[in-house]
Each structure stands twice: as C-alpha cells, then as structure tokens.
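Beneath this line is the structure, given in structure tokens, with notes to follow.
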Amino acid sequence: MLAKFFQLSAHNTTVKKEVLAGLTTFSTMAYILAVNPSILSRTGMDFNALITATALAAAIGTLVMALYAKLPIGVAPGMGLNAFFAYTIVASMGYSWQFALTAVFLEGIIFIFLSLFRIREAIINSIPENLKHAISVGIGLLIALIGMANAGIIETGMHHVGDGRLDGVILKMGDITSMGPMIALTGLIVSAVLMYRKVNAALLIGILAATLIGIPMGITHLPAGHLISLPPSLAPIAFKLEFNRIFTLDMVVILFTLLMVNLFDTVGTLIGLCNKAGLLDANGCLPRAKQALMADAVGTTAAGLLGTSVVTAYVESASGIAAGGKTGLTSLTVAIMFLLALFFAPVFAMIPQAATAPALIIVGMLMMGAVTKIDFNDVTEAIPAFLAIVMMPYTYSIAEGIVFGMLSYVLLKVLTGQYKTISPVMYVLAGLFIVTFLVK
C-alpha cells in the first residue's frame, strides 16, 4: 500500500530506504524540540507546553508535506522566525506573546490563500535556472556552516575591546582537540567511509555512532528518570489569540516581515532540496509546488493556535535526501517520529549537536555539486548566482541570499538592455524587496 501510494518504484526507491532517510532527517531536526521552547519561553510562555506545541506543529506541517505534496521534506517551527517572535515582537516592540501568536495565525491564513491561488507557485517558477542552482549551493554552504558551528569546529573570533569596538576575525578555528569537535570529526569519518561503501543508512549510522561515543566523553547526557512519559499539557498556551490590536501599523509591519522571510526561506529550501533530490521537472519547475507550499501554510496556522512560532520547510531535510529519500514516505516517517517524540522526548533530546554535525557537513558538500550547472561565462548570470551563494552563509539566512541574488539579477539585466528576459513576477518581487529594506 505504501509503495503504491508514494509510487516508490517510479522513484527507484524502497520502503526501507525511505524510512531510514526519514529517521536521518528527524535526527538532524530533533534539536528544535529543545531549542524552540528555550527561545519562546523567554516571552513568559510555558516551557513544557512549548515542547508539545513544537512537536505537534512539526507533525501537522510534515504530514501535509507527506500525504498531500508527497515530498521528502520535514516541516517545523523555523529558527530565526522564532527569534523574531521572541526578541522583536515581544521584547523589542513590547507586545504580548498572545499578540505574537495572533500574527502567526494570521500569516498562516494569508499563506493558505496565496497557496490556493498559486501565487507562491508562480514565484517559484519565475526564478531563473542559474539562481535555482545557486540557491542549492548557498544552502549547502549554510548547512555546512551550521554543522561546524554546532560542533565547535569553527567559532566566532570577535571580541569587545572597549568603547563598543570589536577586534579579531569574524570566524576562526575552534578547539578541535576538545570533545565536541573530536566527536563530530569521528562521526564525519565514519559516515564518509560508509558512504564510500554505499551503505544507505550511512548518515544515520554516523549520527548514532557519534552519540554513543559521546556518552563516556560527557557530551551525550543520558536521560534522568523515566524515558517514557505523557506529553505536557498545551493548556497554558493553546488558543490564546489576541485580536483587539490587529488593525495597527505594527501588525502590518510584523505580518509583512513574517510573510517575506518565511516565503523565501520556504521557496529557497524547496528549490534547493528538490534540485538535490532530482525532483525538478525538465523546465526546472517544482512538481506539486502548490501542495508543498500548503504544508507550511497549514502548519503555521496550526502553530498559531497551538502556541508556537511560524513553521517552515527544514533545510536539514537534505540529510534524508542524501540518505536516499525521494518521496513522501520519508516525511511521513519524520512526522511519526515527532509524534513519538511527545512520549520519548528525553531519549531524542539526548542526541547532541556534535553528533548531528557530520550529517550537516556532508550534506553541505553534496549540495555544492550544483555549482557545476551555473553559467559563469555571462556576468549578468554569474554575479547574481555568486551573491545568492555567498550571502546565505554570510548573513546566516536563506531569505537574504535570495534577495541579493534576485535584486542583482533584475538590476543587471535591466542595465544591460536585457529587460525583456525578465518575467513580470521578478519585477514585482524586486519592488517588494526594496520595500522590505525600507521597512527595516
């Protein structure tokens, strides 16, 4: 039944391979179960309730991706978007977390509307071919950067020297003789050797090996107390929307920022991951784009009601794709694991970031392969592609990389007399990007 529903034979894959890919993706996404509550609880929200809300929002969004879009991509509350929720809307602008949840809910409703009328799909299909390849490469560099930073292989070298001045280099080598980097590098070698021997579960085995090695080294902390427990109650944060101040300029600014950041995070992630999985069609378009975009729209709407921040397609899904995931069965496995995590949270939470780092580093390397498909002979194609690639790791944002790539593409084509090659959608997007910069 699974093979028929997900058309496994047509994608040259198997149930075993898809399930292992899903486990690999989940293992690289599981950190959000601890990190998201840690960030959002600073607004006064209940930490334990946030664990349940995070897992349920991720499961709902990923189930839509699995059963409706049938793509191997996990969905969960997004990093960066949760920081905007906690530090900008609540801490900086002074609004309550209930007001912030209302913004999340409204954004989800707007996204459902934009997805139903294929507006977001039109945006994806309007992106030039070279930029699509560049997005894949840029995401690869960002993933590798995240993996190395998580493991402590690299770290910031900036420090304050007085009068608000900073000194040092932006990034530097971490202490690679310490336990975190050593475990990550060991996991990297294990995964690489297994990949060479064409072991399908290479990345997952590497994560598990690094986790086990981390136990005697003090990096992996075994759960204290019960391994299985009932999920914490959602009562303190669920359905706590606040509609009395939604018709304000601040709400317009908040919604516009959420929409733009989430739109292009999701679009960039979908393009990059589907390009890596070989799922783009002959015209470079994303199949079932409407269904895929509906996943984060429905997930975000549910997130606002459940009590957590905006959800988005997860770039860490590249680890599962690299492990052989090609269909919705991969994401179905991810969704099931998030539901199981409600009862086994202590077990999943013990996987340290240093153990998932090897998978992220290897995935980054694999996604770099798309760089060979970019036309570097035409400067009006090469510079936008280059900017999209480098600005993603430099700004720590997929969305910012897309903005730089697309704005420079439109400007260079117009200034060199090639304005007829630009689609109307690209002109509209360029205008919206400029407005976004002015709003910031």
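As shown in the structure tokens, the chain order sets the letters A, B, ...; within each chain, residues go from 1, and ligands are also counted from 1 in the order they appear.
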Selection near stretch 111-123 of chain A, 6 Å with only C-alpha atoms, sequence-local residues under 6 positions removed, as a PDB file with N, CA and C atoms, in the first residue's frame:
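New file result_9.pdb:
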```pdb
ATOM      1  N   ALA A 289       4.099  21.994  -6.486  1.00  0.00           N
ATOM      2  CA  ALA A 289       4.513  23.162  -5.712  1.00  0.00           C
ATOM      3  C   ALA A 289       3.376  23.679  -4.841  1.00  0.00           C
ATOM      4  N   LYS A 290       2.173  23.711  -5.390  1.00  0.00           N
ATOM      5  CA  LYS A 290       1.027  24.198  -4.627  1.00  0.00           C
ATOM      6  C   LYS A 290       0.835  23.374  -3.358  1.00  0.00           C
ATOM      7  N   MET A 294       1.465  24.455   0.617  1.00  0.00           N
ATOM      8  CA  MET A 294       0.340  24.366   1.539  1.00  0.00           C
ATOM      9  C   MET A 294       0.772  23.761   2.876  1.00  0.00           C
ATOM     10  N   ALA A 297       1.869  26.475   5.156  1.00  0.00           N
ATOM     11  CA  ALA A 297       0.728  27.353   5.401  1.00  0.00           C
ATOM     12  C   ALA A 297      -0.203  26.740   6.456  1.00  0.00           C
TER      13      ALA A 297
END
```
Q | Close residues, A:Ser191 itself excluded, 8 Å, only C-alpha atoms, min 4 positions apart in chain, as a PyMOL selection string | A | chain A and resi 187+195+202-203+205-206+358-359
Generate the output file for the selected residues, N, CA and C atoms, as a PDB file, in the first residue's frame.
```
ATOM      1  N   GLY A 187      32.489  11.147  13.737  1.00  0.00           N
ATOM      2  CA  GLY A 187      31.246  10.819  13.042  1.00  0.00           C
ATOM      3  C   GLY A 187      31.331  11.116  11.556  1.00  0.00           C
ATOM      4  N   MET A 195      29.544   5.830   3.322  1.00  0.00           N
ATOM      5  CA  MET A 195      29.042   6.328   2.035  1.00  0.00           C
ATOM      6  C   MET A 195      29.859   5.758   0.886  1.00  0.00           C
ATOM      7  N   ALA A 202      24.177   5.479   5.957  1.00  0.00           N
ATOM      8  CA  ALA A 202      25.491   5.987   6.364  1.00  0.00           C
ATOM      9  C   ALA A 202      25.392   7.192   7.300  1.00  0.00           C
ATOM     10  N   LEU A 203      24.556   8.165   6.942  1.00  0.00           N
ATOM     11  CA  LEU A 203      24.461   9.382   7.758  1.00  0.00           C
ATOM     12  C   LEU A 203      23.834   9.089   9.117  1.00  0.00           C
ATOM     13  N   ILE A 205      23.823   6.170  10.716  1.00  0.00           N
ATOM     14  CA  ILE A 205      24.785   5.378  11.494  1.00  0.00           C
ATOM     15  C   ILE A 205      25.867   6.296  12.064  1.00  0.00           C
ATOM     16  N   GLY A 206      26.292   7.268  11.268  1.00  0.00           N
ATOM     17  CA  GLY A 206      27.290   8.226  11.745  1.00  0.00           C
ATOM     18  C   GLY A 206      26.777   9.023  12.934  1.00  0.00           C
ATOM     19  N   PRO A 358      28.118  15.950  11.638  1.00  0.00           N
ATOM     20  CA  PRO A 358      28.678  15.277  10.461  1.00  0.00           C
ATOM     21  C   PRO A 358      27.695  15.169   9.306  1.00  0.00           C
ATOM     22  N   ALA A 359      26.420  14.874   9.618  1.00  0.00           N
ATOM     23  CA  ALA A 359      25.414  14.773   8.566  1.00  0.00           C
ATOM     24  C   ALA A 359      25.243  16.111   7.853  1.00  0.00           C
TER      25      ALA A 359
END
```
8 Å contact set for A:Glu381, only C-alpha atoms, chain neighbours under 5 positions out, as an mmCIF file with all heavy atoms, in the first residue's frame:
```cif
data_model
loop_
_atom_site.group_PDB
_atom_site.id
_atom_site.type_symbol
_atom_site.label_atom_id
_atom_site.label_comp_id
_atom_site.auth_asym_id
_atom_site.auth_seq_id
_atom_site.Cartn_x
_atom_site.Cartn_y
_atom_site.Cartn_z
ATOM 1 N N ASN A 130 19.728 29.534 -13.336
ATOM 2 C CA ASN A 130 21.017 29.683 -12.661
ATOM 3 C C ASN A 130 20.849 30.020 -11.186
ATOM 4 O O ASN A 130 21.614 29.551 -10.338
ATOM 5 C CB ASN A 130 21.858 30.775 -13.347
ATOM 6 C CG ASN A 130 22.632 30.238 -14.528
ATOM 7 O OD1 ASN A 130 23.140 29.119 -14.488
ATOM 8 N ND2 ASN A 130 22.714 31.005 -15.594
ATOM 9 N N ASP A 375 26.081 28.942 -15.092
ATOM 10 C CA ASP A 375 26.791 29.585 -16.198
ATOM 11 C C ASP A 375 27.572 30.788 -15.666
ATOM 12 O O ASP A 375 27.008 31.842 -15.379
ATOM 13 C CB ASP A 375 25.788 30.038 -17.259
ATOM 14 C CG ASP A 375 26.471 30.739 -18.437
ATOM 15 O OD1 ASP A 375 27.714 30.663 -18.533
ATOM 16 O OD2 ASP A 375 25.758 31.366 -19.245
ATOM 17 N N PHE A 376 28.895 30.621 -15.534
ATOM 18 C CA PHE A 376 29.747 31.707 -15.041
ATOM 19 C C PHE A 376 30.351 32.533 -16.177
ATOM 20 O O PHE A 376 31.127 33.462 -15.928
ATOM 21 C CB PHE A 376 30.866 31.144 -14.154
ATOM 22 C CG PHE A 376 30.399 30.730 -12.785
ATOM 23 C CD1 PHE A 376 30.260 29.389 -12.462
ATOM 24 C CD2 PHE A 376 30.094 31.676 -11.822
ATOM 25 C CE1 PHE A 376 29.827 28.995 -11.207
ATOM 26 C CE2 PHE A 376 29.654 31.293 -10.563
ATOM 27 C CZ PHE A 376 29.525 29.947 -10.248
ATOM 28 N N TYR A 409 20.048 40.337 -10.072
ATOM 29 C CA TYR A 409 19.683 39.770 -11.377
ATOM 30 C C TYR A 409 18.835 40.763 -12.171
ATOM 31 O O TYR A 409 19.118 41.053 -13.340
ATOM 32 C CB TYR A 409 18.920 38.459 -11.176
ATOM 33 C CG TYR A 409 18.550 37.744 -12.460
ATOM 34 C CD1 TYR A 409 19.426 36.821 -13.034
ATOM 35 C CD2 TYR A 409 17.343 38.000 -13.109
ATOM 36 C CE1 TYR A 409 19.106 36.165 -14.209
ATOM 37 C CE2 TYR A 409 17.008 37.353 -14.287
ATOM 38 C CZ TYR A 409 17.891 36.441 -14.832
ATOM 39 O OH TYR A 409 17.573 35.794 -16.011
#
```
Contact check, stretch 169-287 of chain A to stretch 10-18 of chain A, at most 12 Å, counting only C-alpha atoms, closest pairs as a tab-separated table:
```
residue	atom	partner	partner_atom	distance
A:Val199	CA	A:Lys17	CA	10.3
A:Asn200	CA	A:Lys17	CA	6.8
A:Ala201	CA	A:Lys17	CA	7.8
A:Ala202	CA	A:Lys17	CA	11.2
A:Leu204	CA	A:Lys17	CA	11.5
A:Ala277	CA	A:His11	CA	10.4
A:Gly278	CA	A:His11	CA	10.0
A:Leu279	CA	A:His11	CA	9.4
```
Q: From a DSSP calculation on the backbone, collect every residue of stretch 63-189 of chain A in alpha helix (DSSP H) and output the set as a ChimeraX atom specification.
A: /A:63-64,81-83,97-116,119-126,129-151,179-189
Q.
Please list as a list of chain:residue names every residue within 7 Å of stretch 390-402 of chain A, counting only C-alpha atoms and excluding residues in the same chain fewer than 5 positions away.
A. A:Gly138, A:Ile139, A:Leu141, A:Leu142, A:Leu145, A:Val261, A:Phe264, A:Asp265, A:Gly268
Q.
One decimal, in Å: what's the spacing between atom CA of A:Ile39 and atom CA of A:Thr257?
A.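 Interatomic distance, atom CA of A:Ile39 to atom CA of A:Thr257: 19.1 Å.
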**Q.** Near-A:Lys276 list (9 Å; only C-alpha atoms; drop same-chain fewer than 5 positions) as JSON, numbers by chain
**A.** {"A": [136, 271, 318, 321, 322, 366, 367, 369, 370]}
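Each of A:Pro216, A:Pro346, A:Gly325, A:Gly152 was checked against A:Asp175 using only C-alpha atoms; the smallest atom-to-atom distance is that of A:Gly152.
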Q: Give the answer as one residue: which of A:Ser319, A:Ile154, A:His133, A:Leu263 has the shortest atom-to-atom distance to A:Thr356, using only C-alpha atoms?
A: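 Ranked by minimum distance to A:Thr356, first place goes to A:Ser319.
For the set A:Leu234, A:Leu429, A:Ile146, A:Val371, the residue with the smallest atom-to-atom gap to A:Ser126 is A:Leu429, counting only C-alpha atoms.
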Q) Which residues come within 10 Å of stretch 242-247 of chain A, counting only C-alpha atoms, excluding same-chain residues fewer than 2 positions away, as a list in words? A) Tyr95, Ser96, Trp97, Gln98, Phe99, Ala100, Leu101, Thr102, Ala103, Leu106, Phe239, Lys240, Leu249, Asp250, Met251 and Val252 of chain A
Restrict the selected residues to N, CA and C atoms and save them as an mmCIF file, in the first residue's frame.
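As written to disk, out-v1.cif reads:
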```
data_model
loop_
_atom_site.group_PDB
_atom_site.id
_atom_site.type_symbol
_atom_site.label_atom_id
_atom_site.label_comp_id
_atom_site.auth_asym_id
_atom_site.auth_seq_id
_atom_site.Cartn_x
_atom_site.Cartn_y
_atom_site.Cartn_z
ATOM 1 N N TYR A 95 4.972 43.866 22.635
ATOM 2 C CA TYR A 95 3.670 43.203 22.560
ATOM 3 C C TYR A 95 3.692 41.916 23.373
ATOM 4 N N SER A 96 2.515 41.420 23.694
ATOM 5 C CA SER A 96 2.403 40.174 24.443
ATOM 6 C C SER A 96 2.643 38.981 23.518
ATOM 7 N N TRP A 97 2.968 37.835 24.129
ATOM 8 C CA TRP A 97 3.158 36.643 23.295
ATOM 9 C C TRP A 97 1.841 36.203 22.673
ATOM 10 N N GLN A 98 0.722 36.569 23.295
ATOM 11 C CA GLN A 98 -0.578 36.263 22.701
ATOM 12 C C GLN A 98 -0.775 37.033 21.394
ATOM 13 N N PHE A 99 -0.329 38.284 21.382
ATOM 14 C CA PHE A 99 -0.408 39.104 20.170
ATOM 15 C C PHE A 99 0.485 38.508 19.075
ATOM 16 N N ALA A 100 1.671 38.025 19.475
ATOM 17 C CA ALA A 100 2.599 37.416 18.514
ATOM 18 C C ALA A 100 2.002 36.143 17.922
ATOM 19 N N LEU A 101 1.329 35.358 18.757
ATOM 20 C CA LEU A 101 0.672 34.146 18.245
ATOM 21 C C LEU A 101 -0.429 34.506 17.253
ATOM 22 N N THR A 102 -1.117 35.608 17.490
ATOM 23 C CA THR A 102 -2.162 36.057 16.571
ATOM 24 C C THR A 102 -1.553 36.394 15.212
ATOM 25 N N ALA A 103 -0.375 37.016 15.213
ATOM 26 C CA ALA A 103 0.320 37.330 13.959
ATOM 27 C C ALA A 103 0.695 36.047 13.215
ATOM 28 N N LEU A 106 -2.534 34.615 11.674
ATOM 29 C CA LEU A 106 -2.970 35.393 10.512
ATOM 30 C C LEU A 106 -2.054 35.149 9.314
ATOM 31 N N PHE A 239 -4.616 28.281 21.919
ATOM 32 C CA PHE A 239 -5.811 29.095 21.664
ATOM 33 C C PHE A 239 -5.835 30.363 22.525
ATOM 34 N N LYS A 240 -4.680 31.021 22.601
ATOM 35 C CA LYS A 240 -4.561 32.252 23.389
ATOM 36 C C LYS A 240 -4.379 33.467 22.469
ATOM 37 N N LEU A 249 -0.606 49.652 12.493
ATOM 38 C CA LEU A 249 0.532 49.678 11.571
ATOM 39 C C LEU A 249 1.578 48.646 11.983
ATOM 40 N N ASP A 250 1.758 48.481 13.297
ATOM 41 C CA ASP A 250 2.731 47.497 13.780
ATOM 42 C C ASP A 250 2.378 46.090 13.288
ATOM 43 N N MET A 251 1.092 45.736 13.327
ATOM 44 C CA MET A 251 0.687 44.417 12.857
ATOM 45 C C MET A 251 0.966 44.266 11.371
ATOM 46 N N VAL A 252 0.753 45.336 10.606
ATOM 47 C CA VAL A 252 1.043 45.290 9.167
ATOM 48 C C VAL A 252 2.533 45.028 8.943
#
```
Q: Between A:Gly304, A:Gly405, A:Pro37, A:Gly417, single out the one closest to A:Ile109, counting only C-alpha atoms.
A: A:Gly304
Q: Quick one: pick out all strand (DSSP E) residues within stretch 138-371 of chain A from a backbone DSSP run and write them as a PyMOL selection string.
A: chain A and resi 154-156+159-162+165-167+171-173+311-313
(Q) Report as a list of chain:residue names all protein, DNA and RNA residues lying within 9 Å of stretch 220-233 of chain A, evaluated on only C-alpha atoms, omitting residues in the same chain fewer than 3 positions from it. (A)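 With the cut-off at 9 Å, the set is A:Asn48, A:Ala49, A:Leu50, A:Ile51, A:Thr52, A:Ala210, A:Thr211, A:Leu212, A:Ile213, A:Gly214, A:Ile215, A:Pro216, A:Met217, A:Pro236, A:Ala341, A:Leu342, A:Phe343, A:Phe344, A:Ala345, A:Pro346, A:Val347, A:Ala349, A:Met350, A:Ile351, A:Pro352, A:Ala355.
Of the listed residues (A:Leu194, A:Met158, A:Ala91, A:Ile127), A:Ile127 comes nearest to A:Ile422; the distances count only C-alpha atoms.
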Would you give me, as a tab-separated table, each residue of stretch 261-369 of chain A having an atom within 12 Å of an atom of stretch 53-56 of chain A, along with its shortest atom pair and that distance in Å to one decimal, using only C-alpha atoms and sorting by chain and residue number?
```
residue	atom	partner	partner_atom	distance
A:Gly299	CA	A:Leu56	CA	9.2
A:Thr300	CA	A:Thr54	CA	11.0
A:Ala302	CA	A:Leu56	CA	8.7
A:Ala303	CA	A:Ala53	CA	7.2
A:Gly304	CA	A:Ala53	CA	9.5
A:Leu305	CA	A:Ala53	CA	9.2
A:Leu306	CA	A:Ala53	CA	5.6
A:Gly307	CA	A:Ala53	CA	6.0
A:Thr308	CA	A:Ala53	CA	6.0
A:Ser309	CA	A:Thr54	CA	8.4
A:Val310	CA	A:Thr54	CA	10.1
A:Val311	CA	A:Thr54	CA	9.2
A:Val334	CA	A:Ala55	CA	10.7
A:Ala335	CA	A:Ala55	CA	8.9
A:Ile336	CA	A:Ala55	CA	10.1
A:Met337	CA	A:Ala55	CA	9.2
A:Phe338	CA	A:Ala55	CA	5.4
A:Leu339	CA	A:Ala55	CA	6.5
A:Leu340	CA	A:Ala55	CA	9.0
A:Ala341	CA	A:Ala55	CA	7.2
A:Leu342	CA	A:Ala55	CA	6.7
A:Phe343	CA	A:Ala55	CA	10.5
A:Phe344	CA	A:Ala55	CA	11.4
A:Ala345	CA	A:Ala55	CA	9.7
A:Phe348	CA	A:Ala55	CA	11.8
```
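Proximity ranking of A:Met79, A:Ala238, A:Ala323, A:Leu407 relative to A:Ala34 places A:Met79 first, based on only C-alpha atoms.
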